[in-house]
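Peer 1: Input data34.cif, format and content: mmCIF, C-alpha atoms.
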data_final
#
loop_
_atom_site.label_atom_id
_atom_site.label_comp_id
_atom_site.auth_asym_id
_atom_site.auth_seq_id
_atom_site.Cartn_x
_atom_site.Cartn_y
_atom_site.Cartn_z
CA MET L 1 141.23 105.72 92.87
CA SER L 2 140.97 102.20 94.24
CA GLN L 3 139.42 101.70 97.66
CA TYR L 4 140.44 98.07 98.19
CA ALA L 5 143.75 97.54 96.34
CA ALA L 6 145.93 97.81 99.45
CA ALA L 7 143.80 95.32 101.40
CA LEU L 8 143.51 92.84 98.54
CA GLY L 9 147.06 92.85 97.21
CA LEU L 10 145.80 91.96 93.71
CA PRO L 11 146.51 93.69 90.40
CA LEU L 12 143.85 96.33 89.70
CA ARG L 13 142.43 95.79 86.22
CA HIS L 14 139.90 98.62 86.17
CA ALA L 15 138.25 101.09 88.57
CA GLY L 16 134.87 102.28 87.31
CA LYS L 17 132.22 104.55 88.76
CA VAL L 18 131.03 102.05 91.35
CA ARG L 19 132.99 98.81 90.77
CA GLU L 20 136.61 97.75 90.91
CA LEU L 21 137.96 94.79 88.94
CA TYR L 22 141.05 92.83 90.03
CA ASP L 23 142.96 90.05 88.32
CA THR L 24 142.74 86.77 90.20
CA THR L 25 142.42 83.04 89.50
CA HIS L 26 139.74 80.43 90.00
CA ARG L 27 140.69 76.76 90.00
CA GLY L 28 143.94 77.65 88.33
CA GLU L 29 142.36 79.67 85.51
CA PRO L 30 142.42 83.47 85.03
CA ALA L 31 139.41 85.21 86.56
CA ILE L 32 138.29 88.60 87.84
CA LEU L 33 137.39 89.70 91.35
CA MET L 34 134.53 92.18 90.90
CA VAL L 35 134.06 94.47 93.91
CA ALA L 36 131.02 96.73 94.33
CA THR L 37 131.85 99.89 96.28
CA ASP L 38 129.36 102.08 98.13
CA ASN L 39 129.82 104.86 95.56
CA ILE L 40 126.76 106.25 93.84
CA SER L 41 126.72 108.04 90.51
CA ALA L 42 124.23 110.50 89.07
CA PHE L 43 124.26 112.71 85.97
CA ASP L 44 127.59 111.12 84.95
CA HIS L 45 129.29 112.15 88.20
CA VAL L 46 130.51 109.88 90.97
CA LEU L 47 129.20 111.61 94.09
CA ALA L 48 131.54 112.29 96.99
CA THR L 49 129.05 110.86 99.50
CA PRO L 50 128.76 107.04 99.59
CA ILE L 51 125.60 105.12 100.48
CA PRO L 52 126.45 102.70 103.33
CA ASP L 53 126.06 98.99 102.41
CA LYS L 54 125.05 99.81 98.85
CA GLY L 55 127.74 97.66 97.24
CA ALA L 56 126.85 94.63 99.34
CA ILE L 57 123.12 95.06 98.70
CA LEU L 58 123.64 95.21 94.93
CA THR L 59 126.00 92.24 94.93
CA GLN L 60 123.65 90.03 96.92
CA LEU L 61 120.62 91.12 94.87
CA SER L 62 122.47 90.36 91.62
CA LEU L 63 123.31 86.88 92.90
CA TRP L 64 119.64 86.32 93.71
CA TRP L 65 118.59 87.42 90.23
CA PHE L 66 121.22 85.27 88.52
CA ASP L 67 119.59 82.27 90.21
CA GLN L 68 116.14 83.29 88.95
CA LEU L 69 117.44 83.62 85.38
CA ALA L 70 119.74 80.60 85.20
CA ASP L 71 117.53 78.75 82.70
CA ILE L 72 117.47 81.73 80.31
CA ALA L 73 121.10 82.85 80.24
CA ASP L 74 124.49 81.73 81.51
CA ASN L 75 126.04 84.23 83.92
CA HIS L 76 129.60 85.15 84.73
CA VAL L 77 129.69 84.22 88.44
CA LEU L 78 132.25 81.58 89.38
CA SER L 79 132.25 81.95 93.16
CA ALA L 80 131.12 84.14 96.04
CA ASP L 81 134.07 82.93 98.13
CA VAL L 82 136.10 86.14 98.29
CA PRO L 83 138.71 87.77 100.56
CA GLY L 84 137.42 89.01 103.89
CA ALA L 85 138.14 92.65 103.05
CA VAL L 86 135.39 92.53 100.42
CA ALA L 87 133.15 89.81 101.85
CA GLY L 88 129.54 90.21 100.78
CA ARG L 89 130.30 92.91 98.21
CA ALA L 90 132.38 90.93 95.71
CA THR L 91 132.25 87.92 93.43
CA VAL L 92 134.79 85.98 91.40
CA VAL L 93 133.66 86.12 87.77
CA GLU L 94 134.72 84.91 84.36
CA ALA L 95 137.13 86.97 82.28
CA LEU L 96 134.94 87.50 79.23
CA ASP L 97 135.24 89.39 75.98
CA MET L 98 132.76 92.12 76.89
CA ILE L 99 130.44 93.49 74.21
CA ASP L 100 130.45 97.27 74.09
CA VAL L 101 126.66 97.70 74.17
CA GLU L 102 124.29 98.70 76.96
CA CYS L 103 121.36 96.38 76.32
CA VAL L 104 118.34 98.32 77.55
CA ALA L 105 114.82 96.94 77.77
CA ARG L 106 111.90 99.29 78.36
CA GLY L 107 108.42 98.21 79.29
CA TYR L 108 107.28 101.71 80.24
CA LEU L 109 107.87 105.17 78.80
CA THR L 110 109.96 107.38 81.07
CA GLY L 111 113.40 108.93 81.56
CA SER L 112 115.41 109.61 78.41
CA GLY L 113 112.84 107.61 76.43
CA TRP L 114 110.11 110.03 77.48
CA ALA L 115 112.25 113.01 76.46
CA GLU L 116 112.87 111.51 73.00
CA TYR L 117 109.22 110.53 72.59
CA GLN L 118 108.08 114.09 73.29
CA ALA L 119 110.39 115.36 70.55
CA ASP L 120 110.07 112.65 67.90
CA GLY L 121 107.37 110.15 68.89
CA THR L 122 110.03 107.43 69.00
CA VAL L 123 112.47 105.83 71.43
CA CYS L 124 115.81 104.80 69.88
CA GLY L 125 114.12 104.72 66.50
CA VAL L 126 111.16 102.62 67.65
CA PRO L 127 107.89 104.41 66.75
CA LEU L 128 105.33 104.55 69.56
CA PRO L 129 101.60 105.37 69.62
CA GLU L 130 100.54 108.99 70.01
CA GLY L 131 99.21 110.37 73.26
CA LEU L 132 101.35 108.45 75.74
CA ARG L 133 102.13 109.98 79.12
CA ASP L 134 105.28 109.84 81.22
CA GLY L 135 105.09 106.47 82.95
CA ASP L 136 102.65 104.78 80.56
CA LYS L 137 103.08 101.08 79.87
CA LEU L 138 104.23 100.39 76.31
CA PRO L 139 102.20 98.12 74.02
CA GLU L 140 105.09 95.66 74.33
CA PRO L 141 108.62 95.83 75.75
CA ILE L 142 111.20 97.33 73.39
CA PHE L 143 114.95 96.95 72.97
CA THR L 144 116.65 100.36 73.09
CA PRO L 145 120.42 99.90 73.09
CA ALA L 146 123.10 102.41 73.98
CA ILE L 147 126.78 102.68 73.18
CA LYS L 148 128.89 102.66 76.31
CA ALA L 149 130.78 105.90 76.88
CA PRO L 150 134.12 106.54 78.62
CA LEU L 151 134.06 107.32 82.34
CA GLY L 152 132.47 110.72 82.95
CA GLU L 153 130.60 110.81 79.66
CA HIS L 154 127.00 109.90 78.92
CA ASP L 155 126.11 106.67 77.13
CA GLU L 156 124.66 107.33 73.67
CA ASN L 157 121.21 105.94 72.86
CA VAL L 158 121.17 104.42 69.39
CA ASP L 159 118.78 102.46 67.20
CA TYR L 160 118.91 98.75 66.50
CA ASP L 161 120.34 99.28 63.02
CA THR L 162 123.39 100.94 64.56
CA ILE L 163 124.07 97.81 66.61
CA VAL L 164 123.71 95.74 63.44
CA ARG L 165 126.27 97.92 61.68
CA LEU L 166 128.70 97.74 64.58
CA HIS L 167 128.33 94.07 65.52
CA GLY L 168 126.49 92.27 62.72
CA GLU L 169 122.91 91.05 62.39
CA GLU L 170 123.48 87.74 64.18
CA LEU L 171 124.93 89.20 67.37
CA ALA L 172 122.55 92.18 67.35
CA SER L 173 119.51 89.90 67.18
CA GLN L 174 120.90 87.65 69.91
CA LEU L 175 121.43 90.65 72.20
CA ARG L 176 117.93 91.96 71.48
CA ASP L 177 116.15 88.64 71.96
CA LEU L 178 118.04 87.71 75.12
CA THR L 179 117.54 91.18 76.62
CA LEU L 180 113.78 91.06 76.06
CA ALA L 181 113.50 87.47 77.33
CA ILE L 182 115.31 88.36 80.56
CA TYR L 183 113.27 91.53 80.99
CA SER L 184 110.01 89.61 80.54
CA ARG L 185 110.95 87.03 83.19
CA ALA L 186 112.19 89.67 85.61
CA ALA L 187 109.13 91.90 85.13
CA ASP L 188 106.86 88.96 85.94
CA ILE L 189 108.84 88.12 89.08
CA ALA L 190 108.85 91.76 90.21
CA ALA L 191 105.10 92.11 89.54
CA GLU L 192 104.39 89.17 91.85
CA ARG L 193 106.09 91.21 94.57
CA GLY L 194 104.26 94.47 93.93
CA ILE L 195 107.05 96.10 91.96
CA ILE L 196 106.93 97.42 88.40
CA LEU L 197 110.15 96.96 86.43
CA ALA L 198 109.90 100.00 84.18
CA ASP L 199 113.23 99.54 82.43
CA THR L 200 116.61 97.95 82.96
CA LYS L 201 119.97 97.48 81.29
CA PHE L 202 122.17 94.43 80.86
CA GLU L 203 125.73 93.80 79.79
CA PHE L 204 126.90 90.68 78.01
CA GLY L 205 130.26 89.10 77.29
CA ARG L 206 131.41 86.16 75.22
CA ARG L 207 133.38 83.10 76.16
CA ALA L 208 136.10 81.84 73.85
CA ASP L 209 133.57 79.47 72.25
CA GLY L 210 131.23 82.39 71.45
CA THR L 211 128.64 81.70 74.16
CA LEU L 212 126.83 84.85 75.29
CA VAL L 213 127.04 85.34 79.04
CA LEU L 214 125.10 87.75 81.27
CA ALA L 215 127.65 89.83 83.18
CA ASP L 216 128.17 92.81 85.47
CA GLU L 217 125.33 93.55 87.91
CA VAL L 218 121.79 92.62 87.00
CA LEU L 219 118.37 94.02 87.90
CA THR L 220 119.52 96.19 90.77
CA PRO L 221 118.31 99.67 91.76
CA ASP L 222 121.42 101.04 90.01
CA SER L 223 120.74 99.33 86.68
CA SER L 224 116.93 99.36 86.75
CA ARG L 225 113.94 101.57 87.38
CA PHE L 226 111.69 99.99 90.01
CA TRP L 227 108.30 101.50 90.85
CA ASP L 228 105.92 100.63 93.67
CA ALA L 229 102.86 99.15 91.96
CA ASP L 230 100.56 100.51 94.68
CA GLY L 231 101.53 104.09 93.81
CA TYR L 232 101.56 103.71 90.04
CA ARG L 233 99.81 106.67 88.43
CA PRO L 234 101.06 107.52 84.91
CA GLY L 235 101.65 111.21 84.34
CA THR L 236 102.60 111.80 87.98
CA SER L 237 105.79 111.48 90.02
CA LEU L 238 106.13 107.74 90.58
CA PRO L 239 107.47 106.28 93.86
CA SER L 240 110.64 104.36 93.10
CA PHE L 241 113.11 102.00 94.74
CA ASP L 242 116.11 103.20 92.78
CA LYS L 243 118.52 106.13 92.81
CA GLN L 244 115.98 108.48 91.24
CA TYR L 245 115.60 109.98 94.72
CA VAL L 246 119.21 111.19 94.55
CA ARG L 247 118.77 112.51 91.01
CA ASP L 248 115.65 114.42 92.08
CA TRP L 249 117.40 115.98 95.07
CA LEU L 250 120.35 117.07 92.95
CA ALA L 251 118.12 118.49 90.21
CA ARG L 252 115.52 120.22 92.38
CA ALA L 253 116.62 120.87 95.95
CA SER L 254 120.42 120.97 96.05
CA GLY L 255 120.94 124.26 94.23
CA TRP L 256 123.54 122.60 92.00
CA ASP L 257 123.75 123.78 88.41
CA ARG L 258 124.27 120.70 86.22
CA ALA L 259 125.53 122.90 83.39
CA SER L 260 128.34 124.33 85.50
CA ASP L 261 131.84 122.98 85.99
CA GLN L 262 131.18 122.49 89.69
CA ALA L 263 131.11 119.00 91.17
CA PRO L 264 127.81 117.90 92.70
CA PRO L 265 127.39 118.83 96.37
CA LEU L 266 127.69 116.41 99.26
CA LEU L 267 124.50 114.51 99.99
CA PRO L 268 122.90 115.51 103.30
CA PRO L 269 122.31 112.76 105.89
CA HIS L 270 118.56 112.58 105.24
CA VAL L 271 119.12 111.94 101.52
CA VAL L 272 121.71 109.25 102.29
CA ALA L 273 119.38 107.55 104.77
CA ALA L 274 116.37 107.72 102.45
CA THR L 275 118.36 106.38 99.49
CA ARG L 276 119.79 103.53 101.55
CA GLY L 277 116.29 102.75 102.77
CA ARG L 278 115.05 102.42 99.18
CA TYR L 279 117.83 99.99 98.30
CA LEU L 280 117.06 97.91 101.40
CA GLU L 281 113.34 97.91 100.61
CA ALA L 282 113.97 96.80 97.02
CA TYR L 283 116.06 93.90 98.32
CA ARG L 284 113.42 92.90 100.87
CA ARG L 285 110.49 93.16 98.47
CA LEU L 286 112.20 91.20 95.71
CA THR L 287 113.94 88.44 97.67
CA GLY L 288 111.45 88.16 100.53
CA GLU L 289 114.27 88.45 103.07
CA ASP L 290 115.74 91.29 105.12
CA PHE L 291 119.27 92.27 104.17
CA THR L 292 121.83 91.65 106.92
CA VAL L 293 123.50 95.03 107.23
CA SER L 294 127.12 95.55 108.16
CA SER L 295 126.84 99.13 109.39
CA PRO L 296 124.32 101.01 111.53
CA ALA L 297 121.12 102.28 109.96
#
Let me see the structure of the file written as structure tokens.

Peer 2:
Amino acid sequence: MSQYAAALGLPLRHAGKVRELYDTTHRGEPAILMVATDNISAFDHVLATPIPDKGAILTQLSLWWFDQLADIADNHVLSADVPGAVAGRATVVEALDMIDVECVARGYLTGSGWAEYQADGTVCGVPLPEGLRDGDKLPEPIFTPAIKAPLGEHDENVDYDTIVRLHGEELASQLRDLTLAIYSRAADIAAERGIILADTKFEFGRRADGTLVLADEVLTPDSSRFWDADGYRPGTSLPSFDKQYVRDWLARASGWDRASDQAPPLLPPHVVAATRGRYLEAYRRLTGEDFTVSSPA
């Protein structure tokens, strides 16, 4: 259900887990108004409890990252001049032909990659050295794509050859090389600020002339795994600036059975506040500036 359609008066193109897309124009040409809500998703569920200011934090952080990466990849942002109802949490972006691939770069072994490594010694078909621990740095960053799933279903990790079969060698290699180049730049920038970029995912679209364009959100706590470098100890629980805190609470403390048909429980106030605090800290650490909040802490 759309949160902003009535206020915007624009045709709703798509309402996803955390973003809403509306048809609009920019300088007389078709464009999209991309609005980031305060929704948060975990385990393929959109939770009933929002995180205040989350959408605005992710939008402003994405804009900052797009500036840092402008010499590596074109991005889809046309303007940040948006209607007042969505000020700060929306951008006007290009209407691209989106490529149906989650382009994941991993510099560290964790998450679903760790689970696969324990079973097979690989991640998305990429063989890795024996004896690695959860959280270990990989010998070099790897490209581990996924196929985007419908709303409510889990994206499917696949190997590089699958992307070649689906999209051809030329496009597959472009996606891989661009993903790893962006990851490398971003990891260096994050490291200068005391943050480890463990992994991240990108989405790309194509213009009519075939140019690949970096789209969606980029290098936010929703699309990335950020660890505090000061607390980095492989094989232990690693302090993060992303929504892992919410996942951990749901999996360990909430009493919710993920295998059941029950929706996840409401987040208690302390989990909301702690999660919001992590998003704000990620923004401050990365950009060097405090986020100007629109609602009380």

Peer 1: Please compute the CA of Glu281 in chain L-CA of Gly107 in chain L distance, one decimal, in Å.

Peer 2: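 We find that CA of Glu281 in chain L and CA of Gly107 in chain L lie 21.9 Å from each other.
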
Peer 1: Between CA of Gln118 in chain L and CA of Asp242 in chain L, what distance in Å does the model show, to one decimal?

Peer 2: 23.7 Å

Peer 1: Residues at most 12 Å from Thr37 in chain L, counting all atoms listed in the file, excluding those fewer than 2 positions away in the same chain, as JSON, numbers by chain?

Peer 2: {"L": [1, 2, 3, 4, 15, 16, 17, 18, 19, 20, 21, 34, 35, 39, 40, 41, 46, 49, 50, 51, 52, 53, 54, 55, 56, 57, 58, 59, 85, 86, 87, 88, 89, 90]}

Peer 1: Between L:Glu170, L:Asp228, L:Asp44, L:Glu156, single out the one closest to Val101 in chain L, counting only C-alpha atoms.

Peer 2: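 Ranking L:Glu170, L:Asp228, L:Asp44, L:Glu156 by distance to Val101 in chain L, first place goes to L:Glu156.
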
Peer 1: Measuring between all atoms listed in the file, which one of L:Arg193, L:Lys201, L:His76, L:Arg247 shows the shortest distance to Asp230 in chain L?

Peer 2: L:Arg193

Peer 1: When the PyMOL selection byres ((chain L and resi 266) around 7) is applied to the structure above, which residues does it catch, written out as a ChimeraX atom specification?

Peer 2: /L:48-49,264-265,267-268

Peer 1: So the first atom is CA of Arg206 in chain L and the second is CA of Asp97 in chain L; what is the distance between them in Å, to one decimal place?

Peer 2: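 Computing the Euclidean distance for CA of Arg206 in chain L and CA of Asp97 in chain L yields 5.1 Å.
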
Peer 1: Could you name the residues that touch Tyr108 in chain L at 12 Å or less, counting only C-alpha atoms, but leaving out those on the same chain fewer than 4 positions away, as a ChimeraX atom specification?

Peer 2: /L:104,112-114,117,123,128,132-144,183,187,196-200,224-227,232,234-235

Peer 1: Give, as AutoDock Vina command-line options, the centre coordinates and the x, y and z edge lengths in Å to one decimal for an axis-aligned box around all listed atoms of range 212-230 of chain L, padded by 4 Å on each side.

Peer 2:
--center_x 114.4 --center_y 93.2 --center_z 85.0 --size_x 35.6 --size_y 24.7 --size_z 27.4

Peer 1: Please return as a list in words every residue within 12 Å of (131.6, 82.8, 97.9), taking into account all atoms listed in the file and the file's own coordinates.

Peer 2: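 These residues have at least one counted atom within 12 Å: His26, Leu33, Thr59, Gln60, Leu63, Val77, Leu78, Ser79, Ala80, Asp81, Val82, Pro83, Gly84, Val86, Ala87, Gly88, Arg89, Ala90, Thr91, Val92 and Val93 of chain L.
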
Peer 1: Show me, as a list of chain:residue names, the residues that have an atom within 7 Å of Leu12 in chain L when counting only C-alpha atoms, minus same-chain residues fewer than 4 positions from it.

Peer 2: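 My list of contacting residues is L:Ala5, L:Leu21, L:Tyr22, L:Asp23.
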